[in-house]
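Quick look at structure.pdb (PDB, C-alpha atoms, pLDDT in the B column):
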```pdb
MODEL        1
ATOM      1  CA  TRP X   1       5.380  18.244 -12.817  1.00 68.00           C
ATOM      2  CA  VAL X   2       6.091  18.657  -9.099  1.00 72.00           C
ATOM      3  CA  ASN X   3       5.156  22.320  -9.435  1.00 75.00           C
ATOM      4  CA  ALA X   4       2.014  21.303 -11.313  1.00 80.00           C
ATOM      5  CA  ILE X   5       0.950  19.001  -8.468  1.00 79.00           C
ATOM      6  CA  ILE X   6       1.647  21.720  -5.894  1.00 75.00           C
ATOM      7  CA  LYS X   7      -0.357  24.206  -7.976  1.00 77.00           C
ATOM      8  CA  MET X   8      -3.231  21.701  -8.142  1.00 76.00           C
ATOM      9  CA  PHE X   9      -3.170  21.391  -4.327  1.00 73.00           C
ATOM     10  CA  GLU X  10      -3.273  25.187  -4.028  1.00 75.00           C
ATOM     11  CA  ILE X  11      -6.172  25.514  -6.478  1.00 72.00           C
ATOM     12  CA  TYR X  12      -8.136  22.750  -4.760  1.00 72.00           C
ATOM     13  CA  ARG X  13      -7.645  24.425  -1.388  1.00 69.00           C
ATOM     14  CA  THR X  14      -9.455  27.542  -2.674  1.00 67.00           C
ATOM     15  CA  LEU X  15     -12.590  25.637  -3.720  1.00 65.00           C
ATOM     16  CA  PRO X  16     -15.693  25.654  -1.487  1.00 59.00           C
ATOM     17  CA  LYS X  17     -15.670  22.901   1.118  1.00 62.00           C
ATOM     18  CA  THR X  18     -18.615  20.590   0.574  1.00 61.00           C
ATOM     19  CA  ASP X  19     -19.077  16.884   1.165  1.00 57.00           C
ATOM     20  CA  PRO X  20     -16.204  15.436  -0.895  1.00 58.00           C
ATOM     21  CA  ASN X  21     -16.939  13.106  -3.766  1.00 60.00           C
ATOM     22  CA  CYS X  22     -14.785  10.277  -2.384  1.00 66.00           C
ATOM     23  CA  TYR X  23     -17.605   7.943  -1.382  1.00 79.00           C
ATOM     24  CA  ILE X  24     -15.919   5.065   0.447  1.00 85.00           C
ATOM     25  CA  VAL X  25     -13.079   7.099   1.966  1.00 87.00           C
ATOM     26  CA  THR X  26     -15.573   9.777   3.016  1.00 86.00           C
ATOM     27  CA  VAL X  27     -17.790   7.195   4.706  1.00 89.00           C
ATOM     28  CA  ALA X  28     -14.753   5.586   6.367  1.00 90.00           C
ATOM     29  CA  ALA X  29     -14.032   8.961   8.003  1.00 90.00           C
ATOM     30  CA  LYS X  30     -17.418   8.592   9.732  1.00 90.00           C
ATOM     31  CA  GLY X  31     -16.159   5.621  11.744  1.00 94.00           C
ATOM     32  CA  HIS X  32     -15.268   5.820  15.413  1.00 96.00           C
ATOM     33  CA  PRO X  33     -13.090   8.952  15.766  1.00 95.00           C
ATOM     34  CA  SER X  34     -10.756   7.184  18.193  1.00 96.00           C
ATOM     35  CA  LEU X  35      -9.851   4.704  15.422  1.00 97.00           C
ATOM     36  CA  VAL X  36     -10.174   6.703  12.198  1.00 97.00           C
ATOM     37  CA  GLY X  37      -8.848   9.950  13.674  1.00 96.00           C
ATOM     38  CA  SER X  38     -11.636  12.067  12.208  1.00 94.00           C
ATOM     39  CA  TRP X  39     -12.696  15.591  13.044  1.00 92.00           C
ATOM     40  CA  GLN X  40     -15.423  17.945  11.878  1.00 90.00           C
ATOM     41  CA  GLU X  41     -14.320  20.471   9.252  1.00 85.00           C
ATOM     42  CA  GLY X  42     -17.266  22.656   8.333  1.00 79.00           C
ATOM     43  CA  ASN X  43     -20.068  20.319   7.270  1.00 79.00           C
ATOM     44  CA  ILE X  44     -17.917  17.232   6.620  1.00 83.00           C
ATOM     45  CA  ARG X  45     -16.015  14.627   8.628  1.00 87.00           C
ATOM     46  CA  VAL X  46     -12.344  14.636   7.655  1.00 89.00           C
ATOM     47  CA  ASN X  47      -9.357  12.499   8.552  1.00 93.00           C
ATOM     48  CA  HIS X  48      -5.786  12.088   7.319  1.00 94.00           C
ATOM     49  CA  GLN X  49      -6.822   9.168   5.137  1.00 95.00           C
ATOM     50  CA  LEU X  50      -9.372  11.279   3.271  1.00 92.00           C
ATOM     51  CA  GLN X  51      -6.816  14.064   2.832  1.00 92.00           C
ATOM     52  CA  THR X  52      -4.241  11.593   1.511  1.00 94.00           C
ATOM     53  CA  TYR X  53      -6.577   9.929  -0.968  1.00 93.00           C
ATOM     54  CA  LYS X  54      -7.671  13.350  -2.290  1.00 89.00           C
ATOM     55  CA  ALA X  55      -3.990  14.314  -2.678  1.00 91.00           C
ATOM     56  CA  ILE X  56      -3.369  11.077  -4.589  1.00 93.00           C
ATOM     57  CA  GLU X  57      -6.321  11.857  -6.828  1.00 90.00           C
ATOM     58  CA  LEU X  58      -5.083  15.405  -7.475  1.00 88.00           C
ATOM     59  CA  ALA X  59      -1.609  14.105  -8.330  1.00 91.00           C
ATOM     60  CA  LEU X  60      -3.070  11.524 -10.737  1.00 92.00           C
ATOM     61  CA  MET X  61      -5.276  14.191 -12.284  1.00 90.00           C
ATOM     62  CA  THR X  62      -2.204  16.361 -12.840  1.00 90.00           C
ATOM     63  CA  LEU X  63       0.286  13.739 -14.012  1.00 89.00           C
ATOM     64  CA  THR X  64      -1.908  11.276 -15.916  1.00 92.00           C
ATOM     65  CA  PRO X  65      -5.265  12.844 -16.763  1.00 91.00           C
ATOM     66  CA  SER X  66      -6.407   9.916 -18.919  1.00 96.00           C
ATOM     67  CA  VAL X  67      -5.621   7.353 -16.199  1.00 95.00           C
ATOM     68  CA  HIS X  68      -7.360   9.541 -13.630  1.00 92.00           C
ATOM     69  CA  LYS X  69     -10.423   9.918 -15.854  1.00 94.00           C
ATOM     70  CA  SER X  70     -10.690   6.164 -16.347  1.00 95.00           C
ATOM     71  CA  LEU X  71     -10.243   5.389 -12.638  1.00 92.00           C
ATOM     72  CA  ARG X  72     -12.661   8.143 -11.627  1.00 90.00           C
ATOM     73  CA  ARG X  73     -15.315   6.925 -14.071  1.00 92.00           C
ATOM     74  CA  THR X  74     -15.097   3.419 -12.597  1.00 93.00           C
ATOM     75  CA  TYR X  75     -15.100   4.709  -9.030  1.00 89.00           C
ATOM     76  CA  ASP X  76     -18.109   6.941  -9.749  1.00 89.00           C
ATOM     77  CA  LEU X  77     -20.007   3.812 -10.779  1.00 90.00           C
ATOM     78  CA  VAL X  78     -18.917   1.559  -7.911  1.00 91.00           C
ATOM     79  CA  GLY X  79     -18.175   3.985  -5.073  1.00 89.00           C
ATOM     80  CA  PRO X  80     -21.693   5.203  -4.257  1.00 88.00           C
ATOM     81  CA  LYS X  81     -23.084   1.672  -4.197  1.00 90.00           C
ATOM     82  CA  LEU X  82     -20.379   0.482  -1.820  1.00 90.00           C
ATOM     83  CA  ALA X  83     -20.631   3.593   0.336  1.00 90.00           C
ATOM     84  CA  ARG X  84     -24.380   3.102   0.831  1.00 89.00           C
ATOM     85  CA  ARG X  85     -23.645  -0.336   2.283  1.00 90.00           C
ATOM     86  CA  ILE X  86     -21.413   1.196   4.956  1.00 91.00           C
ATOM     87  CA  ASP X  87     -24.279   2.099   7.263  1.00 89.00           C
ATOM     88  CA  HIS X  88     -22.755   1.653  10.712  1.00 93.00           C
ATOM     89  CA  PRO X  89     -19.645   3.083  12.405  1.00 94.00           C
ATOM     90  CA  PHE X  90     -18.167  -0.430  12.733  1.00 95.00           C
ATOM     91  CA  ASN X  91     -18.491  -0.917   8.962  1.00 95.00           C
ATOM     92  CA  ALA X  92     -16.845   2.480   8.462  1.00 95.00           C
ATOM     93  CA  ASP X  93     -14.034   1.337  10.764  1.00 96.00           C
ATOM     94  CA  LEU X  94     -13.578  -1.782   8.624  1.00 96.00           C
ATOM     95  CA  ALA X  95     -13.507   0.306   5.426  1.00 95.00           C
ATOM     96  CA  TYR X  96     -10.900   2.565   7.045  1.00 96.00           C
ATOM     97  CA  VAL X  97      -8.688  -0.399   7.920  1.00 97.00           C
ATOM     98  CA  LEU X  98      -9.055  -1.930   4.450  1.00 95.00           C
ATOM     99  CA  LEU X  99      -8.116   1.388   2.812  1.00 95.00           C
ATOM    100  CA  LYS X 100      -5.056   1.897   5.050  1.00 97.00           C
ATOM    101  CA  PRO X 101      -2.499   0.078   2.816  1.00 97.00           C
ATOM    102  CA  GLY X 102      -3.434   2.246  -0.200  1.00 96.00           C
ATOM    103  CA  GLU X 103      -3.202   5.356   1.945  1.00 96.00           C
ATOM    104  CA  LEU X 104       0.271   4.448   3.216  1.00 96.00           C
ATOM    105  CA  LEU X 105       1.567   3.503  -0.227  1.00 97.00           C
ATOM    106  CA  GLY X 106       0.118   6.650  -1.799  1.00 94.00           C
ATOM    107  CA  ARG X 107       1.568   8.868   0.907  1.00 94.00           C
ATOM    108  CA  LYS X 108       4.986   7.246   0.468  1.00 95.00           C
ATOM    109  CA  ILE X 109       4.909   7.850  -3.289  1.00 94.00           C
ATOM    110  CA  LEU X 110       3.765  11.441  -2.817  1.00 93.00           C
ATOM    111  CA  THR X 111       6.569  11.978  -0.296  1.00 93.00           C
ATOM    112  CA  LEU X 112       9.092  10.791  -2.881  1.00 92.00           C
ATOM    113  CA  LEU X 113       7.619  13.110  -5.530  1.00 88.00           C
ATOM    114  CA  ILE X 114       7.006  16.220  -3.433  1.00 88.00           C
ATOM    115  CA  PRO X 115       9.454  17.125  -0.668  1.00 82.00           C
ATOM    116  CA  ASP X 116       6.941  18.866   1.653  1.00 86.00           C
ATOM    117  CA  CYS X 117       3.862  16.890   0.652  1.00 89.00           C
ATOM    118  CA  ASP X 118       2.687  16.447   4.268  1.00 91.00           C
ATOM    119  CA  GLU X 119       2.234  20.207   4.526  1.00 89.00           C
ATOM    120  CA  PHE X 120       0.113  20.286   1.356  1.00 87.00           C
ATOM    121  CA  ILE X 121      -1.891  17.188   2.303  1.00 90.00           C
ATOM    122  CA  SER X 122      -2.699  18.604   5.745  1.00 90.00           C
ATOM    123  CA  GLN X 123      -4.320  21.646   4.107  1.00 85.00           C
ATOM    124  CA  ILE X 124      -6.817  19.625   2.042  1.00 84.00           C
ATOM    125  CA  TYR X 125     -10.359  20.138   3.423  1.00 80.00           C
ATOM    126  CA  LYS X 126      -9.178  22.817   5.842  1.00 75.00           C
ATOM    127  CA  LYS X 127     -11.281  25.959   6.074  1.00 57.00           C
TER
ENDMDL
END
```
Would it be possible to restate this file's structure as structure tokens?
Amino acid sequence: WVNAIIKMFEIYRTLPKTDPNCYIVTVAAKGHPSLVGSWQEGNIRVNHQLQTYKAIELALMTLTPSVHKSLRRTYDLVGPKLARRIDHPFNADLAYVLLKPGELLGRKILTLLIPDCDEFISQIYKK
């Protein structure tokens, strides 16, 4: 399954780079760059948090497709509504801070599963 996750990262990296369907994490990347560590990558704002959450999603999609589908369905209902409420960089900063514990936990788990996961995560949303 480690190879399956790595393959999923590689496949995802080949897809066209458009505004990611992450809603809240995507909006959080639009906070103050000095806090959220964001940069422009093509037509989207990206940061390490967004890369990590996408890697977590890809791993869930690979390892537990039914759990991923259920979580994604719920997030697709709630995420856009919450993201629309984040209409100022300070609100995006707050979302970033609130999402930080999940990012750190997810990255730790991915690191335990995949030896060089930081290398794969850093390539998500790169041109």
* Please write the residues picked by the PyMOL selection byres ((chain X and resi 100-117) around 8) on this file as a list in words. =>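 Applied to this file, the PyMOL selection byres ((chain X and resi 100-117) around 8) returns Val2, Gln49, Thr52, Tyr53, Ile56, Tyr96, Val97, Leu98, Leu99, Asp118, Glu119, Phe120 and Ile121 of chain X.
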- Query: If you apply the PyMOL selection byres ((chain X and resi 5) around 8) to this file, what residues do you get, as a list in words?
  - Reply: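 Output from the PyMOL selection byres ((chain X and resi 5) around 8), applied to this file: Trp1, Val2, Asn3, Ala4, Ile6, Lys7, Met8, Phe9, Leu58, Ala59, Thr62 and Leu63 of chain X.
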request  = Please identify all polymer residues within 8 Å of Lys30 of chain X, counting only C-alpha atoms, omitting same-chain residues fewer than 5 positions from it, and present them as number ranges by chain.
outcome  = X: 36, 38, 45, 89, 92
- Residue with smallest distance to Ile24 of chain X - pool X:His48, X:Arg73, X:His68, X:Arg84, counting only C-alpha atoms: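 Among the listed residues, the smallest separation from Ile24 of chain X belongs to X:Arg84.
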Computed gap from atom CA of Pro33 of chain X to atom CA of His88 of chain X is 13.1 Å
Nearest-residue call for Ile11 of chain X, choices X:Leu82, X:Val25, X:Ile124, X:Leu35, using all atoms listed in the file:
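Between X:Leu82, X:Val25, X:Ile124, X:Leu35, the residue approaching Ile11 of chain X most closely is X:Ile124.
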Find the smallest box with edges along x, y and z containing every listed atom of segment 58-70 of chain X, then add 5 Å on each side and report centre and edge lengths in Å to one decimal, as AutoDock Vina command-line options.
```
--center_x -5.2 --center_y 11.3 --center_z -13.2 --size_x 21.0 --size_y 20.2 --size_z 21.4
```
Students should find that atom CA of Ile44 of chain X and atom CA of Thr26 of chain X are spaced 8.6 Å
Fill in: d(atom CA of Asn91 of chain X, atom CA of Ala28 of chain X) in Å
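Between these atoms lies a distance of 7.9 Å.
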